[in-house]
Amino acid sequence: MAENKRDYYEVLGLDKSADEAAIKRAYRTLAKKYHPDMNPGDKEAEQKFKEVNEAYDVLSDPDKKAKYDQYGHAAFEAGGGGSGFGGFGGFGEDFDISDIFSSFFGGMGGSSSARRGGPARGDDLSVRLTLTFEEAVFGVKKEISYQRLQKCAECGGSGAAKGTSPKTCPTCRGTGRVRTQQRTPLGIMQTQKNCDACRGTGKIVETPCSACRGAGYTYVTKKLDVSVPAGIDDGQRIVLSGQGSDGRDGGAAGDLYISVSVRPHPLFEREGTDIYCEVPISFAEAALGGEIDIPTLEGTEKFQIPEGTQTGTTFHLKQKGVPVVNSKNRGTLHFTVRVETPKSLNAEQKDLLRRFADSCGETGVKGREKFFRRFRK
């Protein structure tokens with residue numbers, strides 16, 4: 001229930017003035033913090049991870065965010081201020097055919113062809129698809145489910161019962177518009193408005209179809225298998241032509257826009273087609289060099305660390321990053337080594353390190369003298 005849910009802005013630690021970039025930064029930070037892989041067996045972290053994803057799903061979508069800002073959680077509950085498809089909650093007893101045309105075909109005040117009852121293109125629709133980091137990198141096939149308007153199978157979109165057909169409106173003669181005149185101090189002003197008799201459709205349905213109640217269109221749930229290309233990134237969109245709502249009077253169907261949201265990875269950070277990570281190494285490996293395991297998108301790979309490697313040094317593995325969409329090329333894996341200082345040394349190990357430090361003398365830290373020279377200046 002809505003009353004048990006935390007405010008989405010509170011979940012992400014933001015206020016309502018937060019922009020898209022701030023929302024994305026907050027999401028990535030929290031999602032990584034509470035990711036199940038980072039908190040194995042922690043039910044509280046798992047719940048917070050779900051809560052963060054739910055908040056981001058709404059606040060990262062401009063349409064959903066606008067509804068949430070206006071109605072709160074009630075916007076996404078049945079009967080709420082933002083419920084239904086595009087604010088249309090179904091075909092009730094007080095159904096008005098002009099409402100459905102206004103909501104899904106641009107309204108009767110749209111193009112001249114729509115006002116005259118000519119072909120009108122169906123609405124474009126949008127859905128959000130959430131992917132794991134790996135699914136976005138390697139590509140995946142996903143089933144999506146969304147709601148659309150389609151022609152009523154019973155009447156073929158005419159709105160009239162079987163065996164009957166709509167008639168041309170005698171008031172507007174099929175134009176959907178009527179002219180009115182009004183006397184003003186400047187003379188007679190002539191304006192146009194939607195025809196009240198046919199509600200701007202140009203047609204009169206005397207015997208409505210029982211399946212769609214004369215609307216000509218029904219509200220349905222459609223499922224589609226979508227092939228997500230390898231390398232797609234967070235915030236990008238997939239467009240499926242003709243998969244939106246059906247058009248009216250022979251108009252083309254709208255398009256379906258799939259907005260992609262990618263969950264963060266517990267280890268890798270992504271920028272474009274390049275990925276970044278940190279790899280811990282021992283003091284001995286840094287000083288003497290050696291072969292270490294590097295995590296990649298396909299598993300681990302051996303890499304030779306050179307002798308005398310300093311903490312913070314970054315190495316690069318080309319063609320080990322994210323694939324370029326619709327290309328055989330890939331980005332680069334950048335990994336930065338972090339030298340871990342040994343802890344809890346025993347007496348023998350401490351003695352060996354002291355002797356090592358004594359043997360190095362003043363040459364042990366070559367950069368120290370330069371550092372203090374700059375400090376004294």
# chains A, B, ... in the order shown; residues from 1 in each chain; ligands from 1
$ residues_around --residues "Ala136 in chain A" --least-positions-apart "6" --cutoff "12 Å" --atoms "only C-alpha atoms" --output "PyMOL selection string"
chain A and resi 129-130+142+227-236+260-265+270+272-273+297+322-325
$ residues_around --residues "Ser60 in chain A" --least-positions-apart "2" --cutoff "9 Å" --atoms "only C-alpha atoms" --output "short mmCIF file (atom, residue, chain, number, x, y, z; two decimals) with C-alpha atoms, in the first residue's frame"
data_model
loop_
_atom_site.label_atom_id
_atom_site.label_comp_id
_atom_site.auth_asym_id
_atom_site.auth_seq_id
_atom_site.Cartn_x
_atom_site.Cartn_y
_atom_site.Cartn_z
CA GLU A 20 18.52 13.50 -14.20
CA ILE A 23 19.24 10.85 -9.84
CA LYS A 24 21.48 8.53 -11.84
CA ALA A 55 12.54 4.53 -6.87
CA TYR A 56 14.93 4.85 -9.81
CA ASP A 57 12.48 3.21 -12.22
CA VAL A 58 9.99 5.99 -11.49
CA PRO A 62 10.15 11.83 -17.11
CA ASP A 63 6.51 10.78 -17.54
CA LYS A 64 6.42 8.65 -14.39
CA LYS A 65 8.32 11.30 -12.44
CA GLY A 235 19.50 5.54 -20.86
CA SER A 261 17.93 0.93 -17.54
#
$ select_by_dssp --residues "range 110-303 of chain A" --states "strand (DSSP E or B)" --output "VMD selection string"
chain A and resid 120 125 to 131 140 to 151 160 167 to 168 177 to 184 187 to 194 203 to 204 208 217 to 228 237 to 240 248 256 to 262 269 to 271 274 to 282 290 to 296 299 to 303
$ atom_distance --atom1 "CA of Gly216 in chain A" --atom2 "CA of Ala160 in chain A"
7.5 Å
$ atom_distance --atom1 "CA of Glu135 in chain A" --atom2 "CA of Leu14 in chain A"
28.5 Å
$ atom_distance --atom1 "CA of Pro119 in chain A" --atom2 "CA of Ala253 in chain A"
10.6 Å
$ residues_around --residues "Pro306 in chain A" --least-positions-apart "5" --cutoff "10 Å" --atoms "only C-alpha atoms" --output "ChimeraX atom specification"
/A:285-291
$ closest_residue --among "A:Asp37, A:Asp7, A:Asp61, A:Glu44" --to "Ser259 in chain A" --atoms "only C-alpha atoms"
A:Asp61
